[in-house]
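J.: One file: coords.csv (CSV, C-alpha atoms).
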chain,number,residue,atom,x,y,z
A,80,MET,CA,21.0,38.0,12.1
A,81,ALA,CA,17.5,38.2,10.6
A,82,SER,CA,15.1,35.2,10.5
A,83,TYR,CA,11.7,34.8,8.9
A,84,LEU,CA,8.9,36.3,10.9
A,85,LYS,CA,6.0,33.9,11.5
A,86,VAL,CA,2.5,34.1,12.9
A,87,SER,CA,2.0,32.0,16.1
A,88,GLY,CA,-1.5,32.3,17.4
A,89,THR,CA,-2.2,36.0,17.9
A,90,LYS,CA,1.5,37.0,17.8
A,91,ILE,CA,4.2,37.6,15.3
A,92,VAL,CA,7.4,35.8,16.3
A,93,ASP,CA,11.0,35.4,15.0
A,94,GLY,CA,12.7,32.1,14.1
A,95,ASP,CA,13.4,31.4,17.8
A,96,GLY,CA,9.8,31.9,18.8
A,97,ASN,CA,10.4,35.3,20.4
A,98,GLU,CA,7.5,37.8,20.0
A,99,VAL,CA,8.2,40.7,17.6
A,100,ILE,CA,6.1,43.8,17.8
A,101,LEU,CA,6.3,45.7,14.5
A,102,ARG,CA,6.2,49.5,14.9
A,103,GLY,CA,6.6,51.7,11.9
A,104,ALA,CA,5.1,53.9,9.2
A,105,GLY,CA,3.7,53.8,5.7
A,106,LEU,CA,5.9,55.0,3.0
A,107,GLY,CA,3.1,56.5,0.9
A,108,GLY,CA,3.8,58.9,-1.9
A,109,TRP,CA,6.9,57.1,-3.1
A,110,MET,CA,6.1,54.0,-5.2
A,111,ASN,CA,2.4,54.9,-5.1
A,112,MET,CA,1.9,58.6,-5.5
A,113,GLU,CA,-1.2,60.2,-3.8
A,114,ASN,CA,-2.2,63.8,-4.5
A,115,PHE,CA,-2.6,64.9,-0.9
A,116,ILE,CA,0.9,63.6,-0.1
A,117,SER,CA,2.7,65.3,-2.9
A,118,GLY,CA,0.3,68.2,-3.7
A,119,TYR,CA,-0.7,67.5,-7.3
A,120,PRO,CA,-4.3,67.1,-8.6
A,121,GLY,CA,-5.9,63.9,-9.7
A,122,CYS,CA,-4.4,60.4,-10.0
A,123,GLU,CA,-0.8,59.5,-10.5
A,124,PHE,CA,-1.3,58.5,-14.2
A,125,GLN,CA,-2.9,61.9,-14.8
A,126,ILE,CA,-0.1,64.0,-13.3
A,127,ARG,CA,2.4,61.9,-15.2
A,128,ALA,CA,0.6,62.5,-18.5
A,129,ALA,CA,0.0,66.2,-17.8
A,130,LEU,CA,3.7,66.8,-17.0
A,131,ALA,CA,4.8,65.0,-20.1
A,132,ASP,CA,2.5,67.2,-22.2
A,133,VAL,CA,4.0,70.3,-20.7
A,134,VAL,CA,7.8,69.5,-20.5
A,135,GLY,CA,8.0,66.6,-22.9
A,136,PRO,CA,8.5,62.9,-22.2
A,137,LEU,CA,12.2,63.0,-21.5
A,138,LYS,CA,12.1,65.7,-18.9
A,139,SER,CA,9.0,64.2,-17.3
A,140,ALA,CA,10.7,60.7,-17.1
A,141,PHE,CA,13.8,62.4,-15.6
A,142,PHE,CA,11.6,64.2,-12.9
A,143,PHE,CA,9.8,61.0,-11.8
A,144,ASP,CA,13.0,58.9,-11.9
A,145,LYS,CA,14.6,61.5,-9.5
A,146,LEU,CA,11.5,61.5,-7.3
A,147,LEU,CA,11.9,57.7,-6.9
A,148,GLU,CA,15.7,58.2,-6.3
A,149,TYR,CA,15.5,60.9,-3.7
A,150,PHE,CA,12.1,60.4,-1.9
A,151,PHE,CA,13.5,57.7,0.5
A,152,GLN,CA,17.3,57.2,0.8
A,153,GLU,CA,19.8,55.7,3.3
A,154,GLU,CA,19.5,58.8,5.5
A,155,ASP,CA,15.8,58.3,5.8
A,156,ALA,CA,16.3,54.7,6.8
A,157,LYS,CA,18.9,55.7,9.4
A,158,PHE,CA,16.6,58.4,10.8
A,159,PHE,CA,13.6,56.0,10.8
A,160,LYS,CA,15.7,53.5,12.8
A,161,SER,CA,16.9,56.2,15.2
A,162,LEU,CA,13.2,56.7,16.2
A,163,GLY,CA,13.1,53.2,17.5
A,164,LEU,CA,10.9,52.0,14.6
A,165,ASN,CA,11.5,48.6,13.0
A,166,CYS,CA,9.1,48.2,10.1
A,167,ILE,CA,8.2,50.1,6.9
A,168,ARG,CA,4.9,49.5,5.1
A,169,LEU,CA,5.6,49.9,1.4
A,170,PRO,CA,2.5,50.8,-0.6
A,171,PHE,CA,3.2,50.3,-4.3
A,172,ASN,CA,1.6,50.8,-7.6
A,173,TYR,CA,1.4,47.7,-9.8
A,174,ARG,CA,3.5,49.6,-12.4
A,175,HIS,CA,6.6,49.3,-10.2
A,176,PHE,CA,8.8,46.4,-9.3
A,177,GLU,CA,11.5,47.8,-7.1
A,178,ALA,CA,13.6,46.5,-4.1
A,179,PRO,CA,13.3,48.1,-0.6
A,180,LEU,CA,16.2,50.0,1.0
A,181,CYS,CA,15.8,49.2,4.7
A,182,ALA,CA,17.4,45.8,5.4
A,183,GLN,CA,20.8,47.2,6.1
A,184,GLN,CA,19.3,49.3,8.9
A,185,GLY,CA,17.6,46.3,10.5
A,186,ILE,CA,14.1,47.5,9.4
A,187,TYR,CA,11.5,45.0,8.2
A,188,THR,CA,9.4,45.8,5.1
A,189,ILE,CA,5.8,44.8,4.5
A,190,LEU,CA,4.8,44.9,0.8
A,191,ASP,CA,1.4,46.5,0.2
A,192,LEU,CA,-0.3,46.4,-3.2
A,193,HIS,CA,-2.0,49.8,-2.8
A,194,THR,CA,-2.9,50.1,-6.5
A,195,ALA,CA,-4.1,46.9,-8.3
A,196,PRO,CA,-4.7,46.7,-12.1
A,197,GLY,CA,-8.1,48.1,-12.9
A,198,GLY,CA,-8.5,49.6,-9.4
A,199,GLN,CA,-9.7,47.6,-6.4
A,200,ASN,CA,-11.9,50.5,-5.4
A,201,THR,CA,-12.7,53.9,-6.9
A,202,ASP,CA,-10.6,56.2,-4.8
A,203,TRP,CA,-7.6,58.3,-6.0
A,204,HIS,CA,-5.0,56.0,-4.5
A,205,CYS,CA,-6.0,53.2,-6.9
A,206,ASP,CA,-4.8,55.4,-9.9
A,207,THR,CA,-7.7,54.6,-12.2
A,208,GLY,CA,-9.6,57.9,-12.6
A,209,THR,CA,-12.9,56.1,-12.9
A,210,HIS,CA,-15.9,55.6,-10.6
A,211,ILE,CA,-15.9,51.8,-11.2
A,212,ALA,CA,-13.7,49.3,-9.4
A,213,ASN,CA,-12.9,47.3,-12.6
A,214,PHE,CA,-10.6,44.9,-10.8
A,215,TRP,CA,-13.6,43.0,-9.5
A,216,ILE,CA,-15.3,43.0,-12.9
A,217,HIS,CA,-12.7,41.9,-15.4
A,218,LYS,CA,-10.8,38.6,-14.9
A,219,ASP,CA,-7.8,40.0,-16.8
A,220,PHE,CA,-7.0,42.5,-14.0
A,221,GLN,CA,-7.2,39.7,-11.5
A,222,ASP,CA,-5.0,37.4,-13.5
A,223,ARG,CA,-2.4,40.2,-13.8
A,224,THR,CA,-2.5,40.7,-10.1
A,225,ILE,CA,-1.9,37.0,-9.5
A,226,TRP,CA,1.0,37.1,-11.9
A,227,LEU,CA,2.4,40.1,-10.0
A,228,TRP,CA,2.2,38.6,-6.6
A,229,THR,CA,3.7,35.4,-7.9
A,230,GLU,CA,6.7,37.3,-9.3
A,231,LEU,CA,7.1,39.3,-6.1
A,232,ALA,CA,7.0,36.1,-4.1
A,233,LYS,CA,9.7,34.6,-6.3
A,234,HIS,CA,11.8,37.8,-6.1
A,235,TYR,CA,11.7,38.1,-2.3
A,236,ALA,CA,11.4,34.4,-1.4
A,237,GLY,CA,14.8,34.4,0.3
A,238,ASN,CA,14.7,37.9,1.9
A,239,LYS,CA,14.2,37.5,5.6
A,240,TRP,CA,13.8,41.3,6.1
A,241,ILE,CA,10.4,41.1,4.3
A,242,ALA,CA,7.9,40.9,7.1
A,243,GLY,CA,5.1,40.0,4.8
A,244,THR,CA,2.7,41.1,2.1
A,245,VAL,CA,-0.7,42.9,2.2
A,246,VAL,CA,-3.2,41.7,-0.3
A,247,ALA,CA,-6.8,42.6,-1.2
A,248,PHE,CA,-7.5,39.5,-3.4
A,249,TYR,CA,-7.5,36.4,-1.3
A,250,GLU,CA,-7.7,32.7,-2.0
A,251,ARG,CA,-6.1,32.8,-5.5
A,252,VAL,CA,-3.3,35.0,-4.3
A,253,TYR,CA,-2.7,32.9,-1.2
A,254,ASP,CA,-2.4,29.8,-3.3
A,255,ALA,CA,-0.2,31.6,-5.9
A,256,ILE,CA,2.2,33.0,-3.2
A,257,ARG,CA,2.4,29.7,-1.2
A,258,ALA,CA,3.3,27.8,-4.4
A,259,VAL,CA,6.6,29.7,-4.5
A,260,ASP,CA,7.0,31.1,-0.9
A,261,THR,CA,6.0,29.2,2.2
A,262,GLU,CA,8.0,31.4,4.6
A,263,HIS,CA,6.6,35.0,4.6
A,264,VAL,CA,3.6,36.2,6.5
A,265,ILE,CA,0.6,37.2,4.4
A,266,TYR,CA,-1.5,40.1,5.7
A,267,PHE,CA,-5.1,40.3,4.6
A,268,ASP,CA,-7.0,43.6,4.6
A,269,GLY,CA,-10.7,43.6,5.6
A,270,ASN,CA,-13.5,45.2,3.5
A,271,THR,CA,-14.6,48.8,3.9
A,272,PHE,CA,-11.2,50.3,4.5
A,273,ALA,CA,-10.0,47.3,6.5
A,274,SER,CA,-12.8,47.4,9.1
A,275,ASP,CA,-15.1,44.5,8.1
A,276,PHE,CA,-13.8,41.0,8.1
A,277,SER,CA,-17.2,39.2,8.1
A,278,HIS,CA,-16.9,38.0,4.5
A,279,PHE,CA,-13.9,35.8,5.3
A,280,GLY,CA,-16.1,33.1,6.7
A,281,ASP,CA,-14.0,30.0,7.7
A,282,VAL,CA,-11.4,30.3,5.0
A,283,HIS,CA,-8.7,31.2,7.6
A,284,LYS,CA,-8.8,27.6,8.7
A,285,LYS,CA,-7.2,26.6,5.4
A,286,TRP,CA,-4.4,29.2,5.7
A,287,ALA,CA,-1.2,29.2,7.6
A,288,ASN,CA,1.1,32.0,8.6
A,289,THR,CA,-1.4,34.8,8.0
A,290,ALA,CA,-2.4,38.0,9.8
A,291,TYR,CA,-5.2,40.4,9.4
A,292,SER,CA,-4.8,44.2,8.8
A,293,ILE,CA,-7.1,46.8,10.3
A,294,HIS,CA,-7.1,50.6,9.6
A,295,ASP,CA,-7.7,52.3,13.0
A,296,TYR,CA,-8.3,55.9,12.0
A,297,SER,CA,-10.2,57.9,14.7
A,298,GLY,CA,-12.7,60.6,13.9
A,299,PHE,CA,-11.2,62.6,16.8
A,300,GLY,CA,-8.1,63.1,14.7
A,301,PHE,CA,-9.8,64.7,11.7
A,302,PRO,CA,-11.0,68.3,11.1
A,303,ALA,CA,-14.6,67.2,10.8
A,304,SER,CA,-14.7,65.8,14.4
A,305,PRO,CA,-17.9,67.1,15.9
A,306,GLU,CA,-16.2,67.7,19.3
A,307,LYS,CA,-12.8,68.7,20.6
A,308,TYR,CA,-10.8,65.8,21.9
A,309,VAL,CA,-9.9,66.4,25.6
A,310,SER,CA,-9.1,62.8,26.5
A,311,SER,CA,-12.1,62.4,28.7
A,312,ASP,CA,-13.1,59.0,30.1
A,313,GLU,CA,-16.0,58.9,27.6
A,314,GLN,CA,-13.9,59.8,24.6
A,315,ARG,CA,-11.2,57.3,25.5
A,316,ARG,CA,-13.9,54.7,25.9
A,317,ARG,CA,-15.3,55.5,22.4
A,318,LEU,CA,-11.7,55.5,21.0
A,319,LYS,CA,-11.1,52.0,22.4
A,320,ARG,CA,-14.5,50.7,21.4
A,321,SER,CA,-14.0,51.7,17.8
A,322,TYR,CA,-10.7,49.9,17.7
A,323,GLU,CA,-12.1,46.8,19.4
A,324,LYS,CA,-15.0,46.6,16.9
A,325,LYS,CA,-12.5,46.6,14.0
A,326,ARG,CA,-10.5,43.6,15.4
A,327,GLU,CA,-13.5,41.8,16.9
A,328,TRP,CA,-13.8,39.1,14.2
A,329,MET,CA,-10.1,38.2,14.6
A,330,ASP,CA,-10.3,38.2,18.4
A,331,GLN,CA,-13.2,35.8,18.4
A,332,ARG,CA,-11.1,33.3,16.3
A,333,GLY,CA,-7.8,33.8,18.0
A,334,LEU,CA,-6.1,35.3,14.9
A,335,CYS,CA,-3.2,37.8,14.6
A,336,VAL,CA,-4.0,41.5,14.1
A,337,TRP,CA,-1.8,44.2,12.6
A,338,ASN,CA,-2.8,47.8,12.4
A,339,GLY,CA,-1.7,48.8,8.9
A,340,GLU,CA,-2.9,52.4,9.0
A,341,TRP,CA,-3.8,55.0,11.6
A,342,GLY,CA,-3.0,58.6,12.4
A,343,PRO,CA,-4.5,62.1,12.3
A,344,VAL,CA,-4.6,65.0,9.9
A,345,TYR,CA,-2.5,67.9,11.2
A,346,ALA,CA,-3.4,71.6,11.3
A,347,ARG,CA,-1.1,73.9,9.4
A,348,LYS,CA,-0.3,77.6,10.2
A,349,GLN,CA,-1.0,78.7,6.6
A,350,TYR,CA,-4.6,77.5,6.9
A,351,ASP,CA,-5.4,77.3,10.6
A,352,GLY,CA,-3.4,80.4,11.8
A,353,GLY,CA,-3.2,81.0,15.5
A,354,ALA,CA,-5.2,77.9,16.3
A,355,THR,CA,-2.7,75.5,14.8
A,356,ASP,CA,-0.7,74.6,17.9
A,357,ALA,CA,-3.8,74.0,20.0
A,358,ILE,CA,-5.4,71.8,17.4
A,359,ASN,CA,-2.3,69.8,17.0
A,360,GLU,CA,-1.9,69.3,20.7
A,361,ARG,CA,-5.3,67.7,20.6
A,362,ARG,CA,-4.3,65.5,17.7
A,363,TYR,CA,-1.1,64.4,19.5
A,364,GLN,CA,-3.3,63.4,22.5
A,365,VAL,CA,-5.4,61.2,20.2
A,366,LEU,CA,-2.1,59.6,19.0
A,367,LYS,CA,-0.9,59.2,22.6
A,368,ASP,CA,-4.2,57.5,23.7
A,369,GLN,CA,-4.2,55.2,20.7
A,370,LEU,CA,-0.6,54.2,21.4
A,371,GLY,CA,-1.6,53.5,25.0
A,372,ILE,CA,-4.2,51.0,23.7
A,373,TYR,CA,-1.8,49.4,21.2
A,374,ASN,CA,0.9,49.0,23.8
A,375,GLN,CA,-1.5,47.4,26.2
A,376,ASP,CA,-2.5,44.9,23.5
A,377,ARG,CA,1.1,44.5,22.3
A,378,LEU,CA,-0.2,45.4,18.8
A,379,SER,CA,2.0,45.8,15.8
A,380,TRP,CA,1.3,48.9,13.8
A,381,SER,CA,2.2,51.2,10.9
A,382,ILE,CA,1.3,54.9,11.2
A,383,TRP,CA,0.2,56.7,8.1
A,384,LEU,CA,2.5,58.2,7.1
A,385,TYR,CA,6.3,58.9,7.0
A,386,LYS,CA,6.7,61.8,4.6
A,387,ASP,CA,4.5,64.4,2.8
A,388,ILE,CA,3.9,68.1,2.3
A,389,GLY,CA,2.6,68.6,5.9
A,390,PHE,CA,-0.8,66.8,5.9
A,391,GLN,CA,-0.2,63.6,7.9
A,392,GLY,CA,3.6,63.0,7.6
A,393,MET,CA,6.0,62.4,10.4
A,394,ILE,CA,8.3,64.6,8.4
A,395,TYR,CA,7.4,67.1,5.8
A,396,VAL,CA,8.7,69.5,3.1
A,397,SER,CA,9.6,73.0,4.2
A,398,GLN,CA,7.2,75.8,3.1
A,399,GLU,CA,10.2,77.7,1.8
A,400,THR,CA,11.2,75.1,-0.8
A,401,LYS,CA,10.9,75.9,-4.5
A,402,TYR,CA,8.4,73.0,-4.8
A,403,ILE,CA,6.0,74.3,-2.2
A,404,THR,CA,6.5,77.9,-3.4
A,405,LEU,CA,5.4,76.8,-6.9
A,406,LEU,CA,2.3,74.9,-5.6
A,407,LYS,CA,1.4,77.2,-2.8
A,408,ASP,CA,-1.6,79.0,-4.4
A,409,PHE,CA,-2.9,75.8,-5.9
A,410,LEU,CA,-2.7,74.0,-2.5
A,411,ALA,CA,-4.5,76.9,-0.8
A,412,LYS,CA,-7.3,76.6,-3.4
A,413,LYS,CA,-7.5,72.8,-2.8
A,414,HIS,CA,-7.8,73.5,0.9
A,415,ARG,CA,-10.4,76.2,0.5
A,416,LEU,CA,-12.5,74.0,-1.8
A,417,ALA,CA,-12.2,71.0,0.6
A,418,TYR,CA,-10.9,68.9,-2.2
A,419,HIS,CA,-9.7,66.2,0.1
A,420,GLU,CA,-12.6,64.8,2.0
A,421,HIS,CA,-10.6,63.7,5.1
A,422,SER,CA,-9.3,67.3,5.5
A,423,ARG,CA,-12.7,69.0,5.5
A,424,SER,CA,-13.8,70.8,8.6
A,425,LEU,CA,-17.2,70.0,10.0
A,426,GLN,CA,-18.7,73.1,8.4
A,427,GLN,CA,-17.3,72.2,5.0
A,428,SER,CA,-18.6,68.7,5.3
A,429,GLU,CA,-22.1,69.9,6.1
A,430,GLN,CA,-21.9,72.4,3.2
A,431,ALA,CA,-20.8,69.6,0.9
A,432,GLN,CA,-23.8,67.4,2.0
A,433,ARG,CA,-26.2,70.3,1.3
A,434,HIS,CA,-24.7,71.5,-1.9
A,435,GLY,CA,-22.5,68.6,-3.0
A,436,LYS,CA,-23.5,68.7,-6.7
A,437,ASN,CA,-22.8,72.3,-7.3
A,438,ILE,CA,-19.6,72.3,-5.2
A,439,SER,CA,-18.3,69.3,-7.0
A,440,VAL,CA,-18.8,70.7,-10.5
A,441,LYS,CA,-17.3,74.1,-9.6
A,442,SER,CA,-14.4,72.5,-7.8
A,443,GLU,CA,-13.4,70.3,-10.7
A,444,ALA,CA,-13.5,73.1,-13.2
A,445,GLU,CA,-11.5,75.4,-10.9
A,446,LEU,CA,-9.0,72.7,-10.0
A,447,ASP,CA,-8.4,71.8,-13.6
A,448,GLU,CA,-7.7,75.5,-14.5
A,449,ILE,CA,-5.3,76.0,-11.6
A,450,ALA,CA,-3.6,72.7,-12.2
A,451,GLN,CA,-2.9,73.5,-15.8
A,452,SER,CA,-1.5,76.9,-14.7
A,453,CYS,CA,0.8,75.2,-12.2
A,454,LEU,CA,2.1,72.8,-14.7
A,455,GLN,CA,2.7,75.6,-17.3
A,456,ASP,CA,4.6,77.6,-14.6
A,457,SER,CA,6.8,74.6,-13.9
A,458,GLN,CA,8.1,74.2,-17.4
A,459,GLY,CA,11.1,76.4,-17.0
A,460,GLN,CA,12.0,74.9,-13.6
A,461,LEU,CA,12.5,71.3,-14.4
Write out the structure in this file as C-alpha cells.

T.:
Amino acid sequence: MASYLKVSGTKIVDGDGNEVILRGAGLGGWMNMENFISGYPGCEFQIRAALADVVGPLKSAFFFDKLLEYFFQEEDAKFFKSLGLNCIRLPFNYRHFEAPLCAQQGIYTILDLHTAPGGQNTDWHCDTGTHIANFWIHKDFQDRTIWLWTELAKHYAGNKWIAGTVVAFYERVYDAIRAVDTEHVIYFDGNTFASDFSHFGDVHKKWANTAYSIHDYSGFGFPASPEKYVSSDEQRRRLKRSYEKKREWMDQRGLCVWNGEWGPVYARKQYDGGATDAINERRYQVLKDQLGIYNQDRLSWSIWLYKDIGFQGMIYVSQETKYITLLKDFLAKKHRLAYHEHSRSLQQSEQAQRHGKNISVKSEAELDEIAQSCLQDSQGQL
C-alpha cells in the first residue's frame, strides 16, 4: 500500500522511514509537446494553429485529442514497470490539467511544470515563440502560475502515488502549495538548466520536505563531443566531476538531490549510416558509467526520455509508420540544417559559430517552406 514519500536529510523515504530510490524517465512529448520529440517544427502552439489552418479546427482537435489518448496508455505503464522503473516525471504545459495513469502499476509520478505562462525561458519547450522570458517580467503570468499550482495541489492532495512537484518559481509557490498540501515533496530546479543553485541563499532553512533537481547531461553523450568516449580513467573523472559540481551546493548543506534529466542523443542509421552502432555503443557506455555513479550515491533519477521518434527515447516510432514516412524528408532537412542545437555535430557547431547569422536566416526560411508542404500533404490523411 502506498504512503506519502518524504525527504529525510539527503534521502527520500516512505511512511515507514525506508529509503526509496526513484528510477524512471521523463514522459516528454505527451502533455508538453516538443518538436524534436514528435518531429514537427516550431512550438506546440504553432503546430496546433498550423494544423487547424490546414485541416480545420474539428479535425485538428480530434488529432490532438487522440495524441493525448494514445501516447501513453496502460500497456506503456506495464512495460515501464517491467523494466524495474518506479517513477515517471510528467512534464506538462500549463494549458493541460490531466490525471496520470501510473498508480495502478505502482509507479510514482513527479509533476513537472515544463511550460509556464509567458515562458520561464526562451527555449522551444516553453511554447512561447518569443526571445523574451515574459514569465519573469509580468506579474500576471506569475499569478496564473500560483493559481495553477494551488489547484494542482488541491487536486492531488490525497494521492500518495504523486512523488512530488517540480517548480521553477519558488517562495510564493512553496507557500501556496503548503497552504493546501503539507504532504508531498516539492522539487526545486536550479538556474541555468538546473546546474546553478547559488541563488537559493538560505531560503531552504524555511522549507520542509523539499528536494533539489539537477540536470546531469554529459557532453560525451552528444554529437558535438570533441572526443570519442572510451571510458578512460580521465574521462570518467571528468564525468564524475561534472556531476559533483552540479550537486555541490546541496551536498554542502546536507540537502536531498534528484537528477531530473540526463541521457544522450542517439545515432540513427538514416543519418549516421554504418557508424551508427559504434556511436551508440559509446553513448551506452556513457549511460553505464553515469548509472555507476548514481548507484554508488544511491541517487534518484529520471532519464530523458521515455518515447520519441528516435532521438533520445527509450522506445521510438518505427521508420516504416505512416507518420514517419510523411515527415521523413522534413526530418532529414532539419537534421542537415542542424535545426536542433543539441543534435549538431562538432563540425556543424563550428560552422554555426562562424556563419550563424546566415545559417539561421536560411534555415528558418527553408524550414517554413518544408513545414507548410508537410502540413498540406497531411490534409488527406487525418

J.: Between A:Thr229, A:Trp240, A:His278, A:Thr89, which has the minimum distance to Gln183 (chain A) (counting all atoms listed in the file)?

T.: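 Using all atoms listed in the file, Gln183 (chain A) sits closest to A:Trp240.
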
J.: Show which residues sit within 7 Å of region 253-266 of chain A, as an MDAnalysis selection string. Count all atoms listed in the file, and ignore same-chain residues fewer than 6 positions away.

T.: chainID A and resid 83:86 225 228:229 232:233 236 242:246 288:292

J.: Can you tell me, as a ChimeraX atom specification, which residues sit within 12 Å of (13.8, 57.3, 8.9) in the file's frame, using only C-alpha atoms?

T.: /A:103-106,150-167,180-181,184-186,384-386,392-394

J.: Let me make sure I understand: among A:Leu231, A:Met110, A:Ala346, A:Cys205, which one has the smallest atom-to-atom distance to Cys122 (chain A) if we use all atoms listed in the file?

T.: A:Cys205

J.: Excluding Ser297 (chain A) and residues on its chain fewer than 4 positions from it, collect all residues at most 10 Å away from it, counting all atoms listed in the file, and give them as a list in words.

T.: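 Within the cut-off, the hits are Phe301, Ser304, Arg317, Leu318, Lys319, Ser321, Tyr322, Trp341, Gly342, Pro343, Val365, Leu366 and Gln369 of chain A.
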
J.: Using Å and a single decimal, report how far CA of Asp295 (chain A) sits from CA of Tyr308 (chain A).

T.: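 Atom-to-atom, CA of Tyr308 (chain A) and CA of Asp295 (chain A) are spaced 16.5 Å apart.
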
J.: Have a look at A:Ile189, A:Thr207, A:Ala195, A:Phe171 and name the one nearest to Glu123 (chain A); count all atoms listed in the file.

T.: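 The closest residue to Glu123 (chain A) is A:Thr207.
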
J.: So how many Å separate CA of Gly96 (chain A) and CA of Val336 (chain A), to one decimal?

T.: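 If I compute the distance from CA of Gly96 (chain A) to CA of Val336 (chain A), I get 17.5 Å.
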
J.: Would you kindly return, as a JSON list (two decimals) with C-alpha atoms, keeping the file's coordinate frame, each protein, DNA or RNA residue with an atom no farther than 8 Å from any atom of region 353-362 of chain A, considering all atoms listed in the file and excluding same-chain residues fewer than 5 positions away?

T.:
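And here is the file that came out, around.json:
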[["chain", "number", "residue", "atom", "x", "y", "z"],
["A", 299, "PHE", "CA", -11.20, 62.60, 16.80],
["A", 300, "GLY", "CA", -8.10, 63.10, 14.70],
["A", 307, "LYS", "CA", -12.80, 68.70, 20.60],
["A", 308, "TYR", "CA", -10.80, 65.80, 21.90],
["A", 309, "VAL", "CA", -9.90, 66.40, 25.60],
["A", 343, "PRO", "CA", -4.50, 62.10, 12.30],
["A", 344, "VAL", "CA", -4.60, 65.00, 9.90],
["A", 345, "TYR", "CA", -2.50, 67.90, 11.20],
["A", 346, "ALA", "CA", -3.40, 71.60, 11.30],
["A", 347, "ARG", "CA", -1.10, 73.90, 9.40],
["A", 348, "LYS", "CA", -0.30, 77.60, 10.20]]

J.: Residues at most 9 Å from Pro196 (chain A), counting all atoms listed in the file, excluding those fewer than 3 positions away in the same chain, as a PDB file with C-alpha atoms, in the coordinates of the input?

T.:
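Result went into part-v5.pdb, see below:
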ATOM      1  CA  ASN A 172       1.600  50.800  -7.600  1.00  0.00           C
ATOM      2  CA  TYR A 173       1.400  47.700  -9.800  1.00  0.00           C
ATOM      3  CA  ARG A 174       3.500  49.600 -12.400  1.00  0.00           C
ATOM      4  CA  GLN A 199      -9.700  47.600  -6.400  1.00  0.00           C
ATOM      5  CA  CYS A 205      -6.000  53.200  -6.900  1.00  0.00           C
ATOM      6  CA  ASP A 206      -4.800  55.400  -9.900  1.00  0.00           C
ATOM      7  CA  THR A 207      -7.700  54.600 -12.200  1.00  0.00           C
ATOM      8  CA  ASN A 213     -12.900  47.300 -12.600  1.00  0.00           C
ATOM      9  CA  PHE A 214     -10.600  44.900 -10.800  1.00  0.00           C
ATOM     10  CA  ASP A 219      -7.800  40.000 -16.800  1.00  0.00           C
ATOM     11  CA  PHE A 220      -7.000  42.500 -14.000  1.00  0.00           C
ATOM     12  CA  GLN A 221      -7.200  39.700 -11.500  1.00  0.00           C
ATOM     13  CA  ARG A 223      -2.400  40.200 -13.800  1.00  0.00           C
ATOM     14  CA  THR A 224      -2.500  40.700 -10.100  1.00  0.00           C
TER      15      THR A 224
END

J.: Which protein, DNA or RNA residues are at most 12 Å from (-8.9, 40.3, 17.4) in the file's coordinates when you count all atoms listed in the file, listed as a VMD selection string?

T.: chain A and resid 88 to 90 274 to 276 290 to 293 322 to 338 376 to 378

J.: For a test of reading the model, state the distance in Å between CA of Leu146 (chain A) and CA of Ala131 (chain A), rounded to one decimal.

T.: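 Computing it gives 14.9 Å between the two atoms.
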
J.: Go through A:Asp222, A:Asp93, A:Arg168, A:Lys285 and flag the residue nearest Ile382 (chain A), using all atoms listed in the file for the distances.

T.: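 Going through A:Asp222, A:Asp93, A:Arg168, A:Lys285 one by one, the smallest distance to Ile382 (chain A) is for A:Arg168.
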